[in-house]
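This report concerns only the one structure given below.
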Amino acid sequence: SIGGVLWTNELARLIKTDMINRNIDITDFDQLYGEKVEEKKIMLSVQDSIEISVEDENGYKQDIEISRKRFDLQTEGLKLQCKEVVKRLMNKAKKTFDDIDKIVLVGGSSNMPQIKEMFLDFPGKDDKVVIYKPSEAIARGAVLFAKRNGEQSDDAALGPNIREISSHSYGIEVYEDDAADTTQIKNIIFKGDEFVGGRIYATLDRAISPKSNKIKHKMFLKIYESNFCKGEVPDDL
């Protein structure tokens, strides 16, 4: 089967190759960087390149850069496999692209430019490819299914219970005079928090105050987005 995880694996392969070339251990790669690689793959859909920070044996951070061009070359074989799947499907249905009004791409991987470009090689596909919030396709389908079942039932409890929630956690990181030992993490919005009236209402859990006793000092603020959930400690912002 073909799925987005295969593209993620290929990006991980590229990063591992560069790490090996720099003599950086990759033994615990999946545990340390697995989630980060998935996020970087998504970013490559809208950026020309990505950087991922890895740690060498001495504890120093090193940045690995992967360009979209290099990633596309690495995954060219997967693109061809997708093309063959489409060909088999069309042949089995005994259809051509002239018989199809629109091609709706669903799933997060549809955001990758090379997936849409794949259809350009097929005749009769002129402006037929549609991408509309592909990452939400399954969720939207589930909502429509629940709504339909609720409308067909006399039991109101079977109707849809739809909530809009935050997909990430957001907050600020505070530190003084560029000193790591003064860092404070302040979470404002947590992953899974519910939107009310199109907004999430949140406040700081406690005030931000300097950790040092110096009269004159600088405080630095960073806005961050992370995948950690409420109760977890963020280790990658």
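Ligands are numbered from 1 in the order shown, residues from 1 within each chain, and chains are lettered A, B, ... in the order they appear in the structure tokens.
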
Would you return as JSON, numbers by chain the members of range 48-114 of chain A that DSSP assigns to strand (DSSP E) on this structure's backbone?
{"A": [49, 50, 51, 52, 53, 54, 55, 61, 62, 63, 64, 65, 66, 67, 103, 104, 105]}

Residues at most 12 Å from Met118 in chain A, counting only C-alpha atoms, excluding those fewer than 2 positions away in the same chain, as a PDB file with N, CA and C atoms, in the first residue's frame?
ATOM      1  N   ASP A  72      12.293  15.373  -3.349  1.00  0.00           N
ATOM      2  CA  ASP A  72      11.520  14.907  -4.501  1.00  0.00           C
ATOM      3  C   ASP A  72      12.276  13.837  -5.278  1.00  0.00           C
ATOM      4  N   GLU A  76      11.004   9.900  -5.839  1.00  0.00           N
ATOM      5  CA  GLU A  76      10.512   9.767  -7.215  1.00  0.00           C
ATOM      6  C   GLU A  76       9.895   8.388  -7.447  1.00  0.00           C
ATOM      7  N   GLY A  77      10.485   7.369  -6.857  1.00  0.00           N
ATOM      8  CA  GLY A  77       9.958   6.009  -7.001  1.00  0.00           C
ATOM      9  C   GLY A  77       8.559   5.874  -6.419  1.00  0.00           C
ATOM     10  N   LEU A  78       8.302   6.532  -5.299  1.00  0.00           N
ATOM     11  CA  LEU A  78       6.968   6.487  -4.691  1.00  0.00           C
ATOM     12  C   LEU A  78       5.948   7.193  -5.574  1.00  0.00           C
ATOM     13  N   LYS A  79       6.379   8.285  -6.176  1.00  0.00           N
ATOM     14  CA  LYS A  79       5.499   9.015  -7.083  1.00  0.00           C
ATOM     15  C   LYS A  79       5.102   8.124  -8.267  1.00  0.00           C
ATOM     16  N   LEU A  80       6.049   7.374  -8.803  1.00  0.00           N
ATOM     17  CA  LEU A  80       5.754   6.471  -9.915  1.00  0.00           C
ATOM     18  C   LEU A  80       4.825   5.347  -9.487  1.00  0.00           C
ATOM     19  N   GLN A  81       4.993   4.875  -8.235  1.00  0.00           N
ATOM     20  CA  GLN A  81       4.088   3.840  -7.730  1.00  0.00           C
ATOM     21  C   GLN A  81       2.661   4.363  -7.649  1.00  0.00           C
ATOM     22  N   CYS A  82       2.507   5.609  -7.186  1.00  0.00           N
ATOM     23  CA  CYS A  82       1.173   6.226  -7.122  1.00  0.00           C
ATOM     24  C   CYS A  82       0.558   6.308  -8.520  1.00  0.00           C
ATOM     25  N   LYS A  83       1.383   6.655  -9.478  1.00  0.00           N
ATOM     26  CA  LYS A  83       0.903   6.784 -10.854  1.00  0.00           C
ATOM     27  C   LYS A  83       0.408   5.437 -11.378  1.00  0.00           C
ATOM     28  N   GLU A  84       1.124   4.374 -11.039  1.00  0.00           N
ATOM     29  CA  GLU A  84       0.718   3.037 -11.485  1.00  0.00           C
ATOM     30  C   GLU A  84      -0.596   2.620 -10.830  1.00  0.00           C
ATOM     31  N   VAL A  85      -0.796   3.001  -9.565  1.00  0.00           N
ATOM     32  CA  VAL A  85      -2.045   2.688  -8.882  1.00  0.00           C
ATOM     33  C   VAL A  85      -3.214   3.379  -9.581  1.00  0.00           C
ATOM     34  N   VAL A  86      -3.015   4.638  -9.959  1.00  0.00           N
ATOM     35  CA  VAL A  86      -4.065   5.376 -10.664  1.00  0.00           C
ATOM     36  C   VAL A  86      -4.369   4.711 -12.010  1.00  0.00           C
ATOM     37  N   LYS A  87      -3.344   4.304 -12.720  1.00  0.00           N
ATOM     38  CA  LYS A  87      -3.540   3.646 -14.018  1.00  0.00           C
ATOM     39  C   LYS A  87      -4.353   2.369 -13.869  1.00  0.00           C
ATOM     40  N   LEU A 105      -8.452  15.237  -4.167  1.00  0.00           N
ATOM     41  CA  LEU A 105      -7.376  14.602  -3.413  1.00  0.00           C
ATOM     42  C   LEU A 105      -7.650  14.735  -1.926  1.00  0.00           C
ATOM     43  N   SER A 110      -1.728  14.732   0.180  1.00  0.00           N
ATOM     44  CA  SER A 110      -2.180  15.437  -1.013  1.00  0.00           C
ATOM     45  C   SER A 110      -1.613  16.846  -1.097  1.00  0.00           C
ATOM     46  N   MET A 112       1.437  17.591  -0.786  1.00  0.00           N
ATOM     47  CA  MET A 112       2.762  17.562  -1.398  1.00  0.00           C
ATOM     48  C   MET A 112       2.655  17.922  -2.877  1.00  0.00           C
ATOM     49  N   PRO A 113       3.411  18.907  -3.346  1.00  0.00           N
ATOM     50  CA  PRO A 113       3.318  19.339  -4.744  1.00  0.00           C
ATOM     51  C   PRO A 113       3.498  18.202  -5.740  1.00  0.00           C
ATOM     52  N   GLN A 114       4.357  17.240  -5.429  1.00  0.00           N
ATOM     53  CA  GLN A 114       4.628  16.178  -6.395  1.00  0.00           C
ATOM     54  C   GLN A 114       3.417  15.272  -6.617  1.00  0.00           C
ATOM     55  N   ILE A 115       2.501  15.207  -5.661  1.00  0.00           N
ATOM     56  CA  ILE A 115       1.304  14.383  -5.845  1.00  0.00           C
ATOM     57  C   ILE A 115       0.385  15.011  -6.890  1.00  0.00           C
ATOM     58  N   LYS A 116       0.173  16.325  -6.767  1.00  0.00           N
ATOM     59  CA  LYS A 116      -0.646  17.004  -7.777  1.00  0.00           C
ATOM     60  C   LYS A 116       0.056  16.988  -9.131  1.00  0.00           C
ATOM     61  N   LEU A 120      -0.404  15.608 -13.875  1.00  0.00           N
ATOM     62  CA  LEU A 120      -0.143  16.386 -15.082  1.00  0.00           C
ATOM     63  C   LEU A 120       0.323  15.515 -16.242  1.00  0.00           C
ATOM     64  N   ASP A 121       0.806  14.307 -15.922  1.00  0.00           N
ATOM     65  CA  ASP A 121       1.279  13.395 -16.962  1.00  0.00           C
ATOM     66  C   ASP A 121       0.142  12.640 -17.636  1.00  0.00           C
ATOM     67  N   PHE A 122      -1.062  12.739 -17.077  1.00  0.00           N
ATOM     68  CA  PHE A 122      -2.193  12.014 -17.648  1.00  0.00           C
ATOM     69  C   PHE A 122      -2.940  12.905 -18.642  1.00  0.00           C
ATOM     70  N   PRO A 123      -3.375  12.353 -19.780  1.00  0.00           N
ATOM     71  CA  PRO A 123      -4.158  13.145 -20.738  1.00  0.00           C
ATOM     72  C   PRO A 123      -5.578  13.368 -20.225  1.00  0.00           C
ATOM     73  N   LYS A 125      -6.739  15.599 -18.123  1.00  0.00           N
ATOM     74  CA  LYS A 125      -6.905  15.926 -16.703  1.00  0.00           C
ATOM     75  C   LYS A 125      -6.965  17.444 -16.473  1.00  0.00           C
ATOM     76  N   VAL A 129      -7.968  18.556 -11.002  1.00  0.00           N
ATOM     77  CA  VAL A 129      -7.490  18.178  -9.676  1.00  0.00           C
ATOM     78  C   VAL A 129      -7.910  19.236  -8.652  1.00  0.00           C
TER      79      VAL A 129
END

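Considering the residues A:Asn149, A:Asn91, A:Ser226, A:Asn23 and counting only C-alpha atoms, Gln62 in chain A has its shortest atom-to-atom contact with A:Asn23.
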
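The nearest approach to Ile50 in chain A among the residues A:Phe195, A:Trp7, A:Phe71, A:Tyr33, with only C-alpha atoms taken into account, belongs to A:Phe71.
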
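CA of Gly4 in chain A lies 25.9 Å from CA of Asp25 in chain A.
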
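Of the residues under consideration (A:Asp30, A:Glu10, A:Glu117, A:Asp193), A:Asp193 shows the shortest atom-to-atom contact distance to Tyr170 in chain A when counting only C-alpha atoms.
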